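Participant: Provided below: input17.pdb, containing PDB, C-alpha atoms.
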MODEL        1
ATOM      1  CA  ALA A 396      10.796 -21.077   6.257  1.00  0.00           C
ATOM      2  CA  VAL A 397      11.513 -19.691   9.704  1.00  0.00           C
ATOM      3  CA  VAL A 398      15.028 -20.297  11.001  1.00  0.00           C
ATOM      4  CA  GLU A 399      16.908 -19.433  14.178  1.00  0.00           C
ATOM      5  CA  TYR A 400      20.577 -18.595  13.736  1.00  0.00           C
ATOM      6  CA  VAL A 401      23.150 -19.255  16.438  1.00  0.00           C
ATOM      7  CA  THR A 402      24.344 -15.649  16.106  1.00  0.00           C
ATOM      8  CA  SER A 403      20.886 -14.100  16.688  1.00  0.00           C
ATOM      9  CA  ASP A 404      18.166 -14.298  19.332  1.00  0.00           C
ATOM     10  CA  VAL A 405      15.478 -13.405  16.798  1.00  0.00           C
ATOM     11  CA  PRO A 406      14.056 -15.959  14.331  1.00  0.00           C
ATOM     12  CA  HIS A 407      14.235 -14.968  10.651  1.00  0.00           C
ATOM     13  CA  LEU A 408      11.848 -15.483   7.766  1.00  0.00           C
ATOM     14  CA  VAL A 409      13.800 -16.885   4.810  1.00  0.00           C
ATOM     15  CA  CYS A 410      13.298 -18.137   1.274  1.00  0.00           C
ATOM     16  CA  TRP A 411      16.124 -19.754  -0.668  1.00  0.00           C
ATOM     17  CA  SER A 412      16.496 -20.773  -4.280  1.00  0.00           C
ATOM     18  CA  HIS A 413      18.316 -24.046  -4.904  1.00  0.00           C
ATOM     19  CA  LYS A 414      19.270 -22.658  -8.329  1.00  0.00           C
ATOM     20  CA  ARG A 415      21.225 -19.760  -6.802  1.00  0.00           C
ATOM     21  CA  LEU A 416      22.993 -21.496  -3.910  1.00  0.00           C
ATOM     22  CA  GLY A 417      26.702 -20.764  -4.075  1.00  0.00           C
ATOM     23  CA  PHE A 418      26.300 -17.625  -6.204  1.00  0.00           C
ATOM     24  CA  GLY A 419      26.547 -15.205  -3.269  1.00  0.00           C
ATOM     25  CA  GLU A 420      22.940 -14.011  -3.205  1.00  0.00           C
ATOM     26  CA  SER A 421      20.854 -17.093  -2.548  1.00  0.00           C
ATOM     27  CA  GLN A 422      18.363 -15.285  -0.300  1.00  0.00           C
ATOM     28  CA  LEU A 423      15.229 -14.466  -2.273  1.00  0.00           C
ATOM     29  CA  LEU A 424      13.299 -12.705   0.501  1.00  0.00           C
ATOM     30  CA  ILE A 425      14.172  -9.087   1.272  1.00  0.00           C
ATOM     31  CA  ASP A 426      12.560  -6.379   3.364  1.00  0.00           C
ATOM     32  CA  GLN A 427      10.823  -3.606   1.421  1.00  0.00           C
ATOM     33  CA  ASN A 428      13.175  -0.978   2.909  1.00  0.00           C
ATOM     34  CA  ASP A 429      16.219  -2.997   1.804  1.00  0.00           C
ATOM     35  CA  TYR A 430      14.735  -3.310  -1.682  1.00  0.00           C
ATOM     36  CA  ILE A 431      14.234   0.452  -1.940  1.00  0.00           C
ATOM     37  CA  SER A 432      17.825   1.153  -0.828  1.00  0.00           C
ATOM     38  CA  LYS A 433      19.205  -1.649  -3.069  1.00  0.00           C
ATOM     39  CA  ARG A 434      17.959   0.148  -6.169  1.00  0.00           C
ATOM     40  CA  ASP A 435      20.896   2.492  -5.547  1.00  0.00           C
ATOM     41  CA  GLU A 436      24.017   0.847  -7.049  1.00  0.00           C
ATOM     42  CA  SER A 437      26.211   1.843  -4.079  1.00  0.00           C
ATOM     43  CA  ALA A 438      23.967   0.208  -1.476  1.00  0.00           C
ATOM     44  CA  LYS A 439      25.260  -2.517   0.795  1.00  0.00           C
ATOM     45  CA  PRO A 440      24.774  -6.160  -0.292  1.00  0.00           C
ATOM     46  CA  LEU A 441      21.511  -7.886   0.543  1.00  0.00           C
ATOM     47  CA  SER A 442      21.378  -9.847   3.778  1.00  0.00           C
ATOM     48  CA  SER A 443      21.604 -13.599   3.392  1.00  0.00           C
ATOM     49  CA  HIS A 444      19.855 -14.063   6.745  1.00  0.00           C
ATOM     50  CA  GLY A 445      16.367 -13.083   5.613  1.00  0.00           C
ATOM     51  CA  ILE A 446      13.969 -10.870   7.560  1.00  0.00           C
ATOM     52  CA  PRO A 447      13.940 -10.746  11.369  1.00  0.00           C
ATOM     53  CA  LEU A 448      10.521 -11.520  12.830  1.00  0.00           C
ATOM     54  CA  PRO A 449       8.777  -9.240  15.345  1.00  0.00           C
ATOM     55  CA  ASN A 450      10.025  -9.752  18.915  1.00  0.00           C
ATOM     56  CA  GLY A 451       8.442 -12.659  20.749  1.00  0.00           C
ATOM     57  CA  LEU A 452       6.774 -14.253  17.724  1.00  0.00           C
ATOM     58  CA  ARG A 453       7.081 -18.029  17.725  1.00  0.00           C
ATOM     59  CA  VAL A 454       5.698 -19.453  14.492  1.00  0.00           C
ATOM     60  CA  ASP A 455       3.446 -22.508  14.713  1.00  0.00           C
ATOM     61  CA  SER A 456       1.606 -21.943  11.439  1.00  0.00           C
ATOM     62  CA  MET A 457       2.394 -20.333   8.093  1.00  0.00           C
ATOM     63  CA  SER A 458      -0.232 -19.624   5.416  1.00  0.00           C
ATOM     64  CA  ILE A 459       0.220 -18.040   1.989  1.00  0.00           C
ATOM     65  CA  LEU A 460      -2.828 -16.395   0.460  1.00  0.00           C
ATOM     66  CA  LYS A 461      -2.210 -15.789  -3.244  1.00  0.00           C
ATOM     67  CA  GLU A 462      -4.037 -13.080  -5.141  1.00  0.00           C
ATOM     68  CA  SER A 463      -5.823 -13.823  -8.399  1.00  0.00           C
ATOM     69  CA  THR A 464      -4.209 -15.892 -11.140  1.00  0.00           C
ATOM     70  CA  GLY A 465      -1.370 -14.093 -12.865  1.00  0.00           C
ATOM     71  CA  SER A 466      -0.695 -11.722  -9.968  1.00  0.00           C
ATOM     72  CA  ASP A 467       2.798 -11.390  -8.524  1.00  0.00           C
ATOM     73  CA  ARG A 468       1.456 -10.544  -5.040  1.00  0.00           C
ATOM     74  CA  ALA A 469       0.440 -12.616  -2.033  1.00  0.00           C
ATOM     75  CA  LEU A 470      -0.112 -12.352   1.721  1.00  0.00           C
ATOM     76  CA  LEU A 471       1.843 -14.400   4.249  1.00  0.00           C
ATOM     77  CA  LEU A 472       0.229 -15.006   7.643  1.00  0.00           C
ATOM     78  CA  LEU A 473       2.443 -16.301  10.448  1.00  0.00           C
ATOM     79  CA  SER A 474       0.799 -17.287  13.711  1.00  0.00           C
ATOM     80  CA  GLY A 475       1.583 -19.065  16.933  1.00  0.00           C
ATOM     81  CA  ILE A 476       0.289 -19.637  20.419  1.00  0.00           C
ATOM     82  CA  SER A 477       1.451 -16.783  22.621  1.00  0.00           C
ATOM     83  CA  SER A 478       4.440 -17.612  24.800  1.00  0.00           C
ATOM     84  CA  HIS A 479       3.766 -14.729  27.206  1.00  0.00           C
ATOM     85  CA  ALA A 480       2.654 -15.866  30.664  1.00  0.00           C
ATOM     86  CA  GLU A 481       0.208 -12.946  31.049  1.00  0.00           C
ATOM     87  CA  SER A 482      -1.343 -13.475  27.623  1.00  0.00           C
ATOM     88  CA  CYS A 483      -3.300 -16.472  26.473  1.00  0.00           C
ATOM     89  CA  GLY A 484      -3.911 -15.914  22.796  1.00  0.00           C
ATOM     90  CA  ILE A 485      -2.528 -16.038  19.292  1.00  0.00           C
ATOM     91  CA  ASP A 486       0.473 -13.964  18.160  1.00  0.00           C
ATOM     92  CA  TYR A 487       0.465 -13.098  14.463  1.00  0.00           C
ATOM     93  CA  ALA A 488       2.389 -11.270  11.760  1.00  0.00           C
ATOM     94  CA  LEU A 489       1.003 -10.428   8.325  1.00  0.00           C
ATOM     95  CA  TYR A 490       3.369  -9.723   5.420  1.00  0.00           C
ATOM     96  CA  GLN A 491       2.605  -8.436   1.934  1.00  0.00           C
ATOM     97  CA  LEU A 492       4.770 -10.259  -0.617  1.00  0.00           C
ATOM     98  CA  GLN A 493       5.533  -9.158  -4.177  1.00  0.00           C
ATOM     99  CA  THR A 494       7.977 -10.428  -6.784  1.00  0.00           C
ATOM    100  CA  LYS A 495      10.301  -7.682  -8.040  1.00  0.00           C
ATOM    101  CA  LYS A 496      13.292  -7.535 -10.388  1.00  0.00           C
ATOM    102  CA  LEU A 497      16.377  -5.737  -9.182  1.00  0.00           C
ATOM    103  CA  SER A 498      17.096  -3.182 -11.887  1.00  0.00           C
ATOM    104  CA  HIS A 499      20.836  -3.845 -12.134  1.00  0.00           C
ATOM    105  CA  MET A 500      20.475  -7.643 -11.896  1.00  0.00           C
ATOM    106  CA  ALA A 501      18.530 -10.122 -13.958  1.00  0.00           C
ATOM    107  CA  SER A 502      17.371 -11.958 -10.839  1.00  0.00           C
ATOM    108  CA  GLU A 503      14.068 -11.610  -9.049  1.00  0.00           C
ATOM    109  CA  ARG A 504      13.529 -11.160  -5.330  1.00  0.00           C
ATOM    110  CA  ILE A 505      10.475 -11.464  -3.125  1.00  0.00           C
ATOM    111  CA  VAL A 506       9.911  -8.146  -1.410  1.00  0.00           C
ATOM    112  CA  ALA A 507       8.188  -8.415   1.968  1.00  0.00           C
ATOM    113  CA  LYS A 508       6.454  -5.656   3.901  1.00  0.00           C
ATOM    114  CA  LEU A 509       5.282  -6.251   7.468  1.00  0.00           C
ATOM    115  CA  SER A 510       1.687  -4.988   7.343  1.00  0.00           C
ATOM    116  CA  ALA A 511       0.498  -5.905  10.828  1.00  0.00           C
ATOM    117  CA  HIS A 512       1.525  -7.867  13.892  1.00  0.00           C
ATOM    118  CA  GLY A 513       0.211  -8.307  17.394  1.00  0.00           C
ATOM    119  CA  ASN A 514      -1.762 -10.583  19.682  1.00  0.00           C
ATOM    120  CA  ILE A 515      -5.339 -11.793  19.454  1.00  0.00           C
ATOM    121  CA  PRO A 516      -6.293 -12.403  23.093  1.00  0.00           C
ATOM    122  CA  HIS A 517      -8.277 -15.407  24.169  1.00  0.00           C
ATOM    123  CA  THR A 518     -10.690 -13.991  26.717  1.00  0.00           C
ATOM    124  CA  VAL A 519     -11.838 -16.754  29.017  1.00  0.00           C
ATOM    125  CA  GLY A 520     -15.467 -16.567  30.066  1.00  0.00           C
ATOM    126  CA  THR A 521     -16.789 -14.263  27.335  1.00  0.00           C
ATOM    127  CA  ALA A 522     -17.428 -16.972  24.782  1.00  0.00           C
ATOM    128  CA  PRO A 523     -17.889 -20.716  25.087  1.00  0.00           C
ATOM    129  CA  ASP A 524     -14.673 -22.656  24.591  1.00  0.00           C
ATOM    130  CA  PHE A 525     -16.491 -25.266  22.574  1.00  0.00           C
ATOM    131  CA  CYS A 526     -19.439 -24.773  20.277  1.00  0.00           C
ATOM    132  CA  SER A 527     -22.325 -27.145  20.678  1.00  0.00           C
ATOM    133  CA  ILE A 528     -22.757 -29.362  17.646  1.00  0.00           C
ATOM    134  CA  ASP A 529     -25.845 -31.364  16.813  1.00  0.00           C
ATOM    135  CA  SER A 530     -25.012 -35.002  16.302  1.00  0.00           C
ATOM    136  CA  ILE A 531     -26.003 -36.689  13.100  1.00  0.00           C
ATOM    137  CA  THR A 532     -27.048 -40.308  13.302  1.00  0.00           C
TER     138      THR A 532
ENDMDL
END
Show how you would write the structure in this file as structure tokens.
Facilitator:
Amino acid sequence: AVVEYVTSDVPHLVCWSHKRLGFGESQLLIDQNDYISKRDESAKPLSSHGIPLPNGLRVDSMSILKESTGSDRALLLLSGISSHAESCGIDYALYQLQTKKLSHMASERIVAKLSAHGNIPHTVGTAPDFCSIDSIT
């Protein structure tokens, strides 16, 4: 899910487990850098707010592309119509997701790595807005 907290101007990507609510670490989704530092026992606790999205990204669509059966990896594509006045296009963010066990805990987390983000411009006049379709009668 994508949530906006009152205490932050940036939306966050989150994933909760109903089984772990109330146990202090209900957030399943962590940033890859946080996962790497969490392997050290003295590291700070994991954030319960999830992962902040790239600046300006407003999510209208979310798609998960799972790898082959039995794999613990997937891709998450977030996209939305650009909210920038000078840009008429699609904003996107692509995350690599992988299930990992924290070594000192029995619980699993979903580690997310932002692979790419940006804007796909809609260039008016270079391509027809609508494709012609033959009618079938």
Participant: Return as a list of chain:residue names the set of residues that the PyMOL selection byres ((chain A and resi 399) around 12) yields on the displayed structure.
Facilitator: A:Ala396, A:Val397, A:Val398, A:Tyr400, A:Val401, A:Thr402, A:Ser403, A:Asp404, A:Val405, A:Pro406, A:His407, A:Leu408, A:Val409, A:His444, A:Gly445, A:Ile446, A:Pro447, A:Leu448, A:Leu452, A:Arg453, A:Val454
Participant: Please list as an MDAnalysis selection string every residue within 6 Å of segment 511-516 of chain A, counting all atoms listed in the file and excluding residues in the same chain fewer than 3 positions away.
Facilitator: chainID A and resid 484:489
Participant: Could the residues in this selection be written to a file with C-alpha atoms, as a tab-separated table (two decimals), keeping the file's coordinate frame?
Facilitator:
chain	number	residue	atom	x	y	z
A	484	GLY	CA	-3.91	-15.91	22.80
A	485	ILE	CA	-2.53	-16.04	19.29
A	486	ASP	CA	0.47	-13.96	18.16
A	487	TYR	CA	0.46	-13.10	14.46
A	488	ALA	CA	2.39	-11.27	11.76
A	489	LEU	CA	1.00	-10.43	8.32
Participant: Quick one: distance from atom CA of Leu424 of chain A to atom CA of Tyr490 of chain A in Å, one decimal?
Facilitator: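 The value is 11.5 Å.
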